[in-house]
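Coordinates as given in final-v4.cif (mmCIF, C-alpha atoms and all ligand atoms):
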```cif
data_start
loop_
_atom_site.label_atom_id
_atom_site.label_comp_id
_atom_site.auth_asym_id
_atom_site.auth_seq_id
_atom_site.Cartn_x
_atom_site.Cartn_y
_atom_site.Cartn_z
CA MET A 178 -60.15 -58.20 220.31
CA ASP A 179 -56.59 -58.37 219.01
CA VAL A 180 -54.70 -55.23 218.25
CA SER A 181 -54.40 -54.74 214.56
CA THR A 182 -50.98 -55.00 212.97
CA ASP A 183 -52.45 -53.13 210.04
CA THR A 184 -50.70 -49.78 209.84
CA ALA A 185 -53.78 -48.52 207.97
CA VAL A 186 -55.76 -48.44 211.25
CA ALA A 187 -55.93 -44.68 211.43
CA VAL A 188 -56.85 -44.01 215.03
CA ARG A 189 -55.49 -45.63 218.12
CA GLY A 190 -56.30 -44.20 221.51
CA ARG A 191 -55.27 -45.31 224.98
CA PHE A 192 -55.99 -45.04 228.67
CA ALA A 193 -52.94 -45.12 230.90
CA PRO A 194 -53.84 -45.13 234.60
CA SER A 195 -51.23 -45.27 237.35
CA PRO A 196 -52.00 -48.06 239.84
CA SER A 197 -51.74 -45.77 242.84
CA GLY A 198 -55.33 -46.51 243.89
CA PRO A 199 -58.75 -47.43 242.51
CA LEU A 200 -60.40 -45.46 239.71
CA HIS A 201 -62.51 -42.53 240.88
CA PHE A 202 -65.00 -40.47 238.90
CA GLY A 203 -62.28 -38.21 237.42
CA SER A 204 -60.21 -41.11 236.12
CA LEU A 205 -63.30 -42.86 234.73
CA VAL A 206 -64.07 -39.68 232.77
CA ALA A 207 -60.60 -39.87 231.17
CA ALA A 208 -61.13 -43.56 230.37
CA LEU A 209 -64.55 -42.89 228.86
CA GLY A 210 -63.44 -39.84 226.85
CA SER A 211 -60.47 -41.64 225.32
CA PHE A 212 -62.59 -44.74 224.63
CA LEU A 213 -65.43 -42.84 222.92
CA SER A 214 -63.13 -40.64 220.88
CA ALA A 215 -61.26 -43.68 219.50
CA ARG A 216 -64.35 -45.84 218.94
CA ALA A 217 -66.37 -43.03 217.34
CA GLN A 218 -63.65 -42.84 214.68
CA GLY A 219 -63.65 -46.62 214.21
CA GLY A 220 -60.32 -46.79 216.02
CA GLU A 221 -58.66 -49.04 218.57
CA TRP A 222 -58.38 -48.34 222.28
CA LEU A 223 -55.48 -49.71 224.30
CA LEU A 224 -54.90 -50.03 228.01
CA ARG A 225 -51.55 -49.40 229.61
CA ILE A 226 -50.85 -49.66 233.32
CA ASP A 227 -48.36 -46.94 234.16
CA ASN A 228 -46.54 -48.81 236.92
CA VAL A 229 -43.29 -47.01 236.26
CA ASP A 230 -43.14 -45.83 239.86
CA PRO A 231 -43.05 -48.97 242.04
CA PRO A 232 -42.82 -47.06 245.35
CA ARG A 233 -46.24 -45.49 244.61
CA GLU A 234 -47.89 -48.67 243.39
CA VAL A 235 -50.68 -49.88 245.64
CA PRO A 236 -50.96 -53.69 245.81
CA GLY A 237 -54.06 -54.88 244.00
CA ALA A 238 -54.74 -51.51 242.35
CA SER A 239 -53.96 -52.69 238.79
CA ASP A 240 -56.35 -55.62 239.00
CA GLY A 241 -59.00 -53.41 240.57
CA ILE A 242 -58.69 -50.90 237.70
CA LEU A 243 -59.04 -53.67 235.11
CA ARG A 244 -62.12 -55.03 236.89
CA THR A 245 -63.76 -51.61 237.09
CA LEU A 246 -63.16 -50.96 233.38
CA GLU A 247 -64.55 -54.37 232.46
CA ASN A 248 -67.53 -53.81 234.68
CA HIS A 249 -68.27 -50.61 232.76
CA TYR A 250 -67.75 -52.42 229.43
CA LEU A 251 -64.80 -50.17 228.67
CA LEU A 252 -63.13 -53.09 226.93
CA TRP A 253 -59.69 -52.55 225.46
CA ASP A 254 -58.03 -54.11 222.43
CA GLY A 255 -55.09 -56.48 222.73
CA PRO A 256 -53.03 -57.25 225.81
CA VAL A 257 -52.53 -54.75 228.62
CA LEU A 258 -49.09 -53.16 228.50
CA TYR A 259 -47.42 -52.87 231.92
CA GLN A 260 -44.63 -50.33 232.09
CA ARG A 261 -42.69 -52.69 234.34
CA GLN A 262 -42.17 -54.86 231.25
CA ARG A 263 -40.50 -51.96 229.50
CA PHE A 264 -37.50 -51.14 231.68
CA GLU A 265 -35.03 -52.48 229.09
CA ALA A 266 -36.52 -50.24 226.41
CA TYR A 267 -36.27 -47.25 228.76
CA GLU A 268 -32.62 -48.07 229.45
CA ALA A 269 -31.90 -48.32 225.72
CA ALA A 270 -33.49 -44.91 225.14
CA LEU A 271 -31.39 -43.44 227.96
CA ALA A 272 -28.25 -44.84 226.35
CA ARG A 273 -29.26 -43.19 223.11
CA LEU A 274 -29.96 -39.84 224.76
CA ALA A 275 -26.55 -39.99 226.45
CA ALA A 276 -24.73 -41.04 223.26
CA ASP A 277 -26.34 -38.16 221.37
CA GLY A 278 -25.31 -35.69 224.08
CA HIS A 279 -28.88 -34.90 225.11
CA SER A 280 -28.60 -35.96 228.75
CA TYR A 281 -26.23 -35.55 231.65
CA PRO A 282 -25.75 -36.95 235.14
CA CYS A 283 -26.90 -34.73 237.98
CA GLY A 284 -25.65 -34.90 241.56
CA CYS A 285 -28.03 -32.38 243.13
CA THR A 286 -30.43 -33.29 245.89
CA ARG A 287 -34.00 -32.00 245.94
CA ARG A 288 -33.14 -29.84 248.93
CA GLU A 289 -30.22 -28.21 247.11
CA ILE A 290 -32.42 -27.46 244.12
CA SER A 291 -35.18 -25.84 246.17
CA ALA A 292 -32.61 -23.80 248.10
CA ALA A 293 -31.05 -22.55 244.84
CA SER A 294 -34.30 -22.11 242.93
CA PRO A 295 -37.48 -21.42 244.91
CA GLY A 296 -39.60 -22.18 241.79
CA HIS A 297 -37.93 -25.62 241.69
CA LEU A 298 -36.68 -24.92 238.18
CA TYR A 299 -33.42 -26.79 237.91
CA PRO A 300 -30.67 -24.16 238.25
CA GLY A 301 -28.31 -26.00 235.88
CA THR A 302 -25.63 -26.81 238.47
CA CYS A 303 -24.49 -30.04 236.74
CA ARG A 304 -25.18 -29.01 233.11
CA ASN A 305 -21.53 -28.63 232.28
CA GLY A 306 -20.32 -31.63 234.25
CA LEU A 307 -20.61 -32.89 237.80
CA PRO A 308 -18.95 -30.50 240.24
CA PRO A 309 -15.82 -32.05 241.79
CA GLY A 310 -16.53 -34.62 244.46
CA ARG A 311 -20.19 -35.08 243.47
CA GLN A 312 -21.71 -38.45 242.60
CA ALA A 313 -24.27 -38.86 239.83
CA ARG A 314 -27.74 -39.35 241.32
CA ALA A 315 -30.17 -38.78 238.48
CA LEU A 316 -30.09 -38.22 234.73
CA ARG A 317 -31.48 -35.04 233.19
CA VAL A 318 -32.09 -33.95 229.60
CA TYR A 319 -30.99 -30.58 228.31
CA CYS A 320 -33.99 -28.40 227.72
CA ASP A 321 -33.25 -25.12 226.00
CA GLY A 322 -35.29 -21.97 225.65
CA GLN A 323 -37.09 -22.53 222.35
CA ALA A 324 -40.91 -22.60 222.36
CA LEU A 325 -42.80 -25.81 221.71
CA CYS A 326 -46.38 -25.66 220.48
CA PHE A 327 -49.17 -28.08 219.72
CA ASP A 328 -52.80 -27.75 218.69
CA ASP A 329 -54.94 -29.33 221.37
CA ARG A 330 -58.17 -30.53 219.77
CA LEU A 331 -60.22 -29.14 222.63
CA GLN A 332 -58.12 -26.51 224.41
CA GLY A 333 -56.73 -24.89 221.24
CA ARG A 334 -53.15 -23.94 220.46
CA GLN A 335 -50.73 -24.35 223.37
CA CYS A 336 -47.18 -23.01 223.49
CA ARG A 337 -44.61 -23.13 226.28
CA ARG A 338 -40.88 -22.73 226.67
CA PRO A 339 -40.03 -25.90 228.61
CA GLY A 340 -36.48 -24.64 229.13
CA HIS A 341 -37.89 -21.68 231.07
CA GLU A 342 -40.85 -23.37 232.72
CA VAL A 343 -39.65 -26.90 233.41
CA GLY A 344 -35.89 -26.65 233.03
CA ASP A 345 -33.67 -29.68 232.39
CA PHE A 346 -35.97 -32.43 233.62
CA ILE A 347 -35.20 -35.83 235.06
CA VAL A 348 -35.39 -38.94 232.87
CA LYS A 349 -33.91 -41.36 235.40
CA ARG A 350 -34.49 -40.77 239.07
CA ALA A 351 -32.07 -40.88 241.96
CA ASP A 352 -33.79 -44.08 243.21
CA GLY A 353 -32.96 -45.77 239.89
CA PHE A 354 -36.51 -45.72 238.50
CA TYR A 355 -37.52 -44.15 235.20
CA ALA A 356 -39.33 -40.86 234.93
CA TYR A 357 -42.96 -40.64 233.87
CA HIS A 358 -42.22 -38.36 230.88
CA LEU A 359 -39.66 -40.78 229.44
CA ALA A 360 -41.88 -43.84 229.89
CA THR A 361 -44.92 -42.06 228.45
CA ALA A 362 -43.15 -40.69 225.36
CA LEU A 363 -41.60 -44.08 224.61
CA ASP A 364 -44.68 -46.19 225.27
CA ASP A 365 -47.07 -44.02 223.29
CA ALA A 366 -44.73 -44.47 220.31
CA PHE A 367 -44.20 -48.20 221.02
CA GLN A 368 -47.97 -48.76 221.13
CA ARG A 369 -48.41 -46.61 218.00
CA VAL A 370 -50.90 -44.40 219.79
CA SER A 371 -52.21 -41.77 217.39
CA GLU A 372 -54.33 -39.72 219.79
CA ILE A 373 -53.94 -39.00 223.46
CA VAL A 374 -57.15 -38.03 225.22
CA ARG A 375 -56.53 -37.39 228.93
CA GLY A 376 -57.26 -34.88 231.68
CA ALA A 377 -56.15 -31.27 231.38
CA ASP A 378 -54.11 -31.73 234.58
CA LEU A 379 -51.60 -33.37 232.20
CA LEU A 380 -51.59 -30.55 229.65
CA ASP A 381 -48.29 -29.13 230.91
CA ALA A 382 -46.78 -32.62 230.93
CA THR A 383 -47.23 -32.64 227.16
CA PHE A 384 -44.28 -30.27 226.69
CA PRO A 385 -41.53 -32.44 228.22
CA GLN A 386 -43.07 -35.35 226.30
CA LEU A 387 -42.95 -33.40 223.01
CA HIS A 388 -39.36 -32.49 223.77
CA LEU A 389 -38.42 -36.16 224.25
CA GLN A 390 -40.30 -37.14 221.09
CA GLY A 391 -38.13 -34.62 219.24
CA LEU A 392 -34.87 -35.86 220.79
CA LEU A 393 -35.68 -39.53 220.17
CA GLY A 394 -37.24 -39.12 216.71
CA LEU A 395 -40.63 -40.42 217.87
CA PRO A 396 -43.90 -39.58 216.08
CA ARG A 397 -46.11 -36.92 217.65
CA PRO A 398 -49.67 -38.06 218.42
CA ASP A 399 -52.70 -35.75 218.45
CA TYR A 400 -53.67 -34.41 221.87
CA LEU A 401 -57.02 -33.60 223.42
CA HIS A 402 -57.10 -32.58 227.07
CA LEU A 403 -60.48 -33.08 228.73
CA PRO A 404 -61.75 -30.94 231.60
CA VAL A 405 -60.68 -32.32 234.94
CA ALA A 406 -63.40 -33.17 237.44
CA VAL A 407 -63.10 -30.92 240.48
CA THR A 408 -65.03 -30.47 243.70
CA ARG A 409 -67.18 -27.36 244.21
CA GLU A 410 -64.14 -25.80 245.88
CA GLY A 411 -62.14 -26.37 242.68
CA LYS A 412 -60.00 -29.24 244.00
CA LYS A 413 -59.20 -32.10 241.63
CA LEU A 414 -60.94 -35.35 242.55
CA SER A 415 -58.20 -37.53 243.88
CA LYS A 416 -57.27 -39.58 246.88
CA GLN A 417 -56.24 -36.32 248.57
CA THR A 418 -59.75 -34.87 248.17
CA ARG A 419 -61.14 -38.21 249.34
CA ALA A 420 -62.85 -38.91 246.02
CA PRO A 421 -64.51 -42.26 246.54
CA ALA A 422 -63.60 -45.26 244.40
CA ILE A 423 -66.02 -45.97 241.57
CA ASP A 424 -68.91 -48.05 242.83
CA ASP A 425 -68.89 -51.12 240.60
CA GLY A 426 -72.48 -51.80 241.66
CA ASP A 427 -74.13 -49.32 239.30
CA PRO A 428 -71.98 -48.92 236.18
CA GLY A 429 -74.86 -47.55 234.07
CA GLU A 430 -75.44 -44.70 236.50
CA THR A 431 -71.72 -43.86 236.64
CA LEU A 432 -71.44 -43.91 232.83
CA SER A 433 -74.51 -41.67 232.49
CA ARG A 434 -72.96 -39.14 234.86
CA ALA A 435 -69.60 -39.32 233.09
CA LEU A 436 -71.30 -38.84 229.69
CA ALA A 437 -73.16 -35.81 231.05
CA PHE A 438 -69.92 -34.43 232.49
CA LEU A 439 -68.39 -34.69 229.00
CA GLY A 440 -71.26 -32.71 227.44
CA HIS A 441 -73.07 -35.79 226.13
CA PRO A 442 -76.00 -36.38 228.51
CA PRO A 443 -77.85 -39.53 227.43
CA PRO A 444 -81.54 -39.07 226.53
CA ALA A 445 -84.21 -39.82 229.14
CA GLU A 446 -85.18 -43.10 227.46
CA LEU A 447 -81.72 -44.47 228.26
CA HIS A 448 -82.25 -43.90 231.96
CA GLY A 449 -81.34 -47.16 233.71
CA ALA A 450 -79.98 -48.69 230.47
CA PRO A 451 -77.11 -51.18 230.72
CA PRO A 452 -73.53 -49.98 230.08
CA VAL A 453 -73.30 -51.40 226.54
CA GLU A 454 -76.33 -49.42 225.39
CA LEU A 455 -75.03 -46.23 226.94
CA LEU A 456 -71.63 -46.72 225.33
CA ASP A 457 -73.17 -47.48 221.93
CA TRP A 458 -75.21 -44.30 222.23
CA GLY A 459 -72.05 -42.41 223.24
CA ILE A 460 -70.12 -43.76 220.23
CA ASP A 461 -72.91 -42.75 217.84
CA HIS A 462 -73.33 -39.28 219.32
CA TRP A 463 -69.76 -38.36 220.17
CA ARG A 464 -68.87 -34.88 218.90
CA HIS A 465 -65.71 -33.11 220.00
CA GLU A 466 -67.52 -29.80 219.65
CA ASN A 467 -69.95 -30.80 222.43
CA LEU A 468 -67.14 -31.27 224.96
CA PRO A 469 -66.83 -28.45 227.48
CA ALA A 470 -63.70 -26.56 226.38
CA ARG A 471 -62.48 -25.94 229.90
CA LYS A 472 -59.61 -27.16 231.99
CA THR A 473 -61.70 -27.91 235.05
CA LEU A 474 -65.36 -28.60 235.65
CA ALA A 475 -67.12 -29.13 238.97
CA VAL A 476 -68.95 -32.42 239.25
CA ALA A 477 -72.73 -32.13 239.62
CA ALA A 478 -74.02 -31.93 243.18
CA HIS A 479 -75.11 -35.55 243.36
CA THR A 480 -71.86 -37.07 242.08
CA PRO A 481 -69.47 -38.81 244.44
CA GLY A 482 -66.56 -36.72 245.56
CA ASP A 483 -68.55 -33.50 245.67
CA GLU A 484 -69.17 -33.95 249.34
CA ALA A 485 -65.41 -34.32 250.00
N1 LIG A 501 -50.46 -42.47 234.32
C1 LIG A 501 -50.83 -41.09 234.31
C2 LIG A 501 -51.86 -40.83 235.40
O1 LIG A 501 -52.56 -41.75 235.80
C3 LIG A 501 -51.47 -40.64 233.03
C4 LIG A 501 -50.58 -40.79 231.88
C5 LIG A 501 -51.08 -40.15 230.62
O2 LIG A 501 -52.30 -40.20 230.34
O3 LIG A 501 -50.24 -39.66 229.92
O4 LIG A 501 -51.98 -39.69 235.82
#
```
Let's see the structure in the file written out as structure tokens.
Amino acid sequence: MDVSTDTAVAVRGRFAPSPSGPLHFGSLVAALGSFLSARAQGGEWLLRIDNVDPPREVPGASDGILRTLENHYLLWDGPVLYQRQRFEAYEAALARLAADGHSYPCGCTRREISAASPGHLYPGTCRNGLPPGRQARALRVYCDGQALCFDDRLQGRQCRRPGHEVGDFIVKRADGFYAYHLATALDDAFQRVSEIVRGADLLDATFPQLHLQGLLGLPRPDYLHLPVAVTREGKKLSKQTRAPAIDDGDPGETLSRALAFLGHPPPAELHGAPPVELLDWGIDHWRHENLPARKTLAVAAHTPGDEA
């Protein structure tokens, strides 16, 4: 399906995986939650591959993610956006931040920052200009003490002082690549995303992204942070916890488990149903109030990853 150019399309969601490995149960939950939320409102659902960090990109991972989504009938609208196509736009935004006095070059190394600030909050060494003899390595944005708040549609009102908790954060890295917060804030606006449904592990990342939206005059989407799938020991499912890749062999079973995880267990008569039927049921029955309003949730005993 083509993406609508009609600005009257009210809801546009997205899934934005990083191609650092195959999808696992936790990432499929984020894909499914964002898909169902958008579709249940008659909205569009876009796919973006967040390959802003080439050193962490795993060869073949992007194609594998696309295949797994297709196999689960999580079919997106329009072309896939690859962040690698967007480097010129990121550079233009950096020029604007610099011209407006919102950013500054930083010459500090990671080691210097952790020595000066055990919490890794940037101590502000280069805020008022590079110290003599120092070369610019990265670019940071000024982040002052005022509170930023947003109303998360599941987790409730959230407020932080990014200046105190994050400090002046990096928008262009010492290795020349662009920072995740910059790319995300710009691309969500570029794709006209109206709602961001993603895992609660990214809740804190919302604040630097809101800050950049403010500095660059970008619209603010709605946010809903889903519970993150964790092991019984409370560890996020990830490559580090040896969460297995989604088994493309039984997409209906995986979707049923992901629906149940999101507080929407399919009825017994849909047991063994094909993915399209499960998704149609999910679209018809999707209610935000049935989502577990938690930041983490252990996967049921029989789900992959639990044994990690
Ligand atoms: N690419 C990020 C990740 O896979 C998610 C970005 C987002 O949803 O904002 O963790």
Output as a tab-separated table one row per residue of chain A within 9 Å of ligand LIG 501 (chain A): the closest atom pair and its distance in Å to one decimal place, counting only C-alpha atoms and all ligand atoms, sorted by chain and residue number ascending.
```
residue	atom	partner	partner_atom	distance
A:Arg191	CA	A:LIG501	O2	8.0
A:Phe192	CA	A:LIG501	O2	6.3
A:Ala193	CA	A:LIG501	N1	5.0
A:Pro194	CA	A:LIG501	O1	3.8
A:Ser195	CA	A:LIG501	O1	4.1
A:Pro196	CA	A:LIG501	O1	7.5
A:Ser197	CA	A:LIG501	O1	8.1
A:Ser204	CA	A:LIG501	O1	7.7
A:Ala207	CA	A:LIG501	O2	8.3
A:Arg225	CA	A:LIG501	N1	8.4
A:Ile226	CA	A:LIG501	N1	7.3
A:Asp227	CA	A:LIG501	N1	4.9
A:Asn228	CA	A:LIG501	N1	7.9
A:Val229	CA	A:LIG501	N1	8.7
A:Tyr357	CA	A:LIG501	N1	7.7
A:His358	CA	A:LIG501	O3	8.2
A:Thr361	CA	A:LIG501	O3	6.0
A:Ala362	CA	A:LIG501	O3	8.5
A:Asp365	CA	A:LIG501	O3	8.5
A:Ile373	CA	A:LIG501	O2	7.2
A:Val374	CA	A:LIG501	O2	7.4
A:Arg375	CA	A:LIG501	O2	5.3
A:Gly376	CA	A:LIG501	O2	7.4
A:Asp378	CA	A:LIG501	O4	8.3
A:Leu379	CA	A:LIG501	O3	6.8
A:Ala382	CA	A:LIG501	O3	7.9
A:Thr383	CA	A:LIG501	O3	8.1
```
Output C-alpha atoms for every residue in that selection, as a PDB file, keeping the file's coordinate frame.
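The resulting file, part.pdb, is shown below:
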```pdb
ATOM      1  CA  ARG A 191     -55.270 -45.310 224.980  1.00  0.00           C
ATOM      2  CA  PHE A 192     -55.990 -45.040 228.670  1.00  0.00           C
ATOM      3  CA  ALA A 193     -52.940 -45.120 230.900  1.00  0.00           C
ATOM      4  CA  PRO A 194     -53.840 -45.130 234.600  1.00  0.00           C
ATOM      5  CA  SER A 195     -51.230 -45.270 237.350  1.00  0.00           C
ATOM      6  CA  PRO A 196     -52.000 -48.060 239.840  1.00  0.00           C
ATOM      7  CA  SER A 197     -51.740 -45.770 242.840  1.00  0.00           C
ATOM      8  CA  SER A 204     -60.210 -41.110 236.120  1.00  0.00           C
ATOM      9  CA  ALA A 207     -60.600 -39.870 231.170  1.00  0.00           C
ATOM     10  CA  ARG A 225     -51.550 -49.400 229.610  1.00  0.00           C
ATOM     11  CA  ILE A 226     -50.850 -49.660 233.320  1.00  0.00           C
ATOM     12  CA  ASP A 227     -48.360 -46.940 234.160  1.00  0.00           C
ATOM     13  CA  ASN A 228     -46.540 -48.810 236.920  1.00  0.00           C
ATOM     14  CA  VAL A 229     -43.290 -47.010 236.260  1.00  0.00           C
ATOM     15  CA  TYR A 357     -42.960 -40.640 233.870  1.00  0.00           C
ATOM     16  CA  HIS A 358     -42.220 -38.360 230.880  1.00  0.00           C
ATOM     17  CA  THR A 361     -44.920 -42.060 228.450  1.00  0.00           C
ATOM     18  CA  ALA A 362     -43.150 -40.690 225.360  1.00  0.00           C
ATOM     19  CA  ASP A 365     -47.070 -44.020 223.290  1.00  0.00           C
ATOM     20  CA  ILE A 373     -53.940 -39.000 223.460  1.00  0.00           C
ATOM     21  CA  VAL A 374     -57.150 -38.030 225.220  1.00  0.00           C
ATOM     22  CA  ARG A 375     -56.530 -37.390 228.930  1.00  0.00           C
ATOM     23  CA  GLY A 376     -57.260 -34.880 231.680  1.00  0.00           C
ATOM     24  CA  ASP A 378     -54.110 -31.730 234.580  1.00  0.00           C
ATOM     25  CA  LEU A 379     -51.600 -33.370 232.200  1.00  0.00           C
ATOM     26  CA  ALA A 382     -46.780 -32.620 230.930  1.00  0.00           C
ATOM     27  CA  THR A 383     -47.230 -32.640 227.160  1.00  0.00           C
TER      28      THR A 383
END
```
Inset, instruction - Write out as JSON, numbers by chain each polymer residue whose atoms come within 12 Å of A:Arg244, counting only C-alpha atoms; drop sequence neighbours fewer than 6 positions from it. - result: {"A": [199, 200, 237, 238, 250, 251, 252, 253, 423, 424, 425, 426, 428]}
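Of note, atom CA of A:His388 and atom CA of A:Leu401 are spaced 17.7 Å apart.
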Legend entry - A:Leu258 environment, 9 Å, all atoms listed in the file, sequence neighbours closer than 2 positions dropped, as a VMD selection string: chain A and resid 223 to 227 255 to 256 260 to 263 364 368
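Take the candidates A:Leu436, A:Ala208, A:Trp458, A:Leu395 and check each one against A:Leu243 using only C-alpha atoms; the shortest distance goes to A:Ala208.
Take the candidates A:Pro308, A:Arg369, A:Ala315, A:Phe384 and check each one against A:His341 using only C-alpha atoms; the shortest distance goes to A:Phe384.
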Inset, instruction - Point out the residue among A:Pro452, A:Gly459, A:Arg233, A:Arg350 with the least atom-to-atom distance to A:Glu247, counting only C-alpha atoms. - result: A:Pro452
Inset, instruction - Select, counting only C-alpha atoms, all protein, DNA and RNA residues no farther than 8 Å from (-64.0, -28.3, 232.8) in file coordinates, and express the selection as a PyMOL selection string. - result: chain A and resi 403-406+469-475
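The residue that comes closest to A:Trp222, out of A:Arg189, A:Arg273, A:Lys413, A:His402 and on the basis of all atoms listed in the file, is A:Arg189.
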Legend entry - Point-to-point distance from atom CA of A:Gly333 to atom CA of A:Ala477, Å rounded to tenths: 25.4 Å
